[in-house]
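Contents: one structure, followed by commentary.
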Amino acid sequence: MILKGFEELKVFLKKPKNIVVVGHRNPDGDAMGSTLALSKYLAKKGHNATVVVPNEYPAFLHWLPGSDTTYRFDWQNSQSQRAIKNSEIIFLLDFNALHRVGADMQNTLEQYPNDFAMIDHHQQPDTVKYMYSDVEICSTCQMVYQFIELNNDLDLIDADIATCLYTGIMTDTGSFRFRSTTSKTHRIIADLIDKGAENDKIHNNVYDANSYNRLLLLGLALSNMKIVPDCKTAYITITNEEKKRFDFQKGDTEGIVNYALSLKGIIFAAIFIEDAEQNIVKISFRSKGTFSVNQFSRNHFEGGGHDNAAGGKSDLSMEETVAKFTSLVVTYQQELAASYEN
Ligand code: 5GP
Ligand code: MN
C-alpha cells in the first residue's frame, strides 16, 4: 500500500478548489462509480468538481446518479479542456499510468501544470504527487470509501454516493465473488446499503439490461470459443464483422471472457476483439490462482492490470494474434498446471 502526501493533500483541500476527476479510457463500473462518487463527495466539501471521462461508457451505466453531468473528452473536447485548464488539481481514478486515458487526453494531461492525486488499485503505478495505491483492494470504489473514511467524513455519504460506490465494488468483484472480496468489502457494502444503495435495483440496472442483439452476440462468442486442454486455457474471438452483424454497442462484450473461465478445469481465459476504430485487436485476460495475467499481458501484449484480470492489445491481424497467443500459452504449460487446483 502506498499513501503519499495524504496530510498535505488534506491541507490543500481545506479551501474550496476547482477539481477535475478523471477515469480511464473505456470506463467500466468501477471507473464511473469511483469518479462520480468522489466528485459528489468533493462537492459536499465545498469544492467545484467535474468528472471528465476519455470516451463513451456502456449504456448499462448511464443510469448512475450524476452521469449526465460528466464531460466526454472525445466529443465534448472544449468543455473538457476548459475544465482541466481551470482546475487546481486532477484526481486520477482507477488507472495507474497516464497512457490509460488514450493518446489525445494523455497529451493534455502531460502538459498539466498542477498536481495529480491518484487513487487506484492497479499494479506498478506511476509516481504522482499525491497517491493512494493498494493492489490488495478489490476496487477503486472501495478505496474511495476508505479515502472518505480516512477524512472522517463517512457521514457525508448519501444515497447517490453509496449507489455509485456499490456499483463499482459489485462490478469489479464479479458480484462479490473474486478473492479480492474481503470481509471488509462486505462490511462496506452493508454500510452502503444502510446509506441508501438499493442493491436489487443496482444489480438489475447493470446485469438485466441486455439488448436482444447483445445476447445474440454472446451466443456467437460462445460458439467461437476454443480450448487448449493441456494448458487449462480457453479463448474467444469476436471479429469486426461479427460485431456489426449484431449492431455492437459499447459494453456489449463486457464480461464475456468470464464464460471461458467458467468452464470446469479452465484457469486461463482470453477474449480477442477486433477494434476497427483503433485498428487493433483488444484483449482481455482472466486467470485463477497464481498465474499472473498482468505479467503475461505486460510481457507479450503491451498491457497490464491485476494478477487475475488484465487487458492488452495487438497490432497483428486476428489470425496472427491468436496464433501468437496459442504458441505462447504452451510455453507456460507448467506454470498453468500449478496455478490453481480445480
Ligand atoms: P478488462 O479486460 O475488463 O478490460 O480489464 C481488466 C483489467 O485490466 C482492468 O482493471 C483494466 O483497467 C486493466 N486493463 C485493461 N486493458 C489494459 C491495458 O491495455 N493496459 C493496462 N495496463 N491495463 C489494462
Ligand atoms: Mn477497478
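We label chains A, B, ... in the order they appear in the C-alpha cells, count residues from 1 in each chain, and number ligands from 1 in the order shown.
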TODO: Kindly provide, as a list in words, all nucleotide and amino acid residues lying within 7 Å of ligand 2, counting only C-alpha atoms and all ligand atoms.
DONE: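 Listed by chain and ascending number, the contacts are Asp30, Ala31, Asp94, His121, Ser139, Thr140 and Asp172 of chain A.
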TODO: Quick one: everything within 7 Å of His24 in chain A, counting only C-alpha atoms, minus sequence neighbours fewer than 3 positions away in the same chain. Send it as a PyMOL selection string.
DONE: chain A and resi 27+31+53-54+94-95+100-101
TODO: Excluding range 43-52 of chain A and any residue of its chain fewer than 3 positions from it, enumerate the residues within 6 Å of it, using only C-alpha atoms, and give them as a list of chain:residue names.
DONE: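 Result of the neighbour search: A:Pro16, A:Lys17, A:Asn18, A:Ile19, A:Val20, A:Val21, A:Val22, A:Ser39, A:Lys40, A:Thr70, A:Tyr71, A:Arg72.
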TODO: Would you mind telling me which residue in A:Asn308, A:Met1, A:Glu56, A:Gly219 lies nearest to Ile137 in chain A when using only C-alpha atoms?
DONE: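 Closest residue, counting only C-alpha atoms: A:Met1.
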Task: Point-to-point distance from CA of Gly311 in chain A to atom 23 (N, counted along the ligand's line) of ligand 1, Å rounded to tenths - done: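 Atom-to-atom, CA of Gly311 in chain A and atom 23 (N, counted along the ligand's line) of ligand 1 are spaced 5.0 Å apart.
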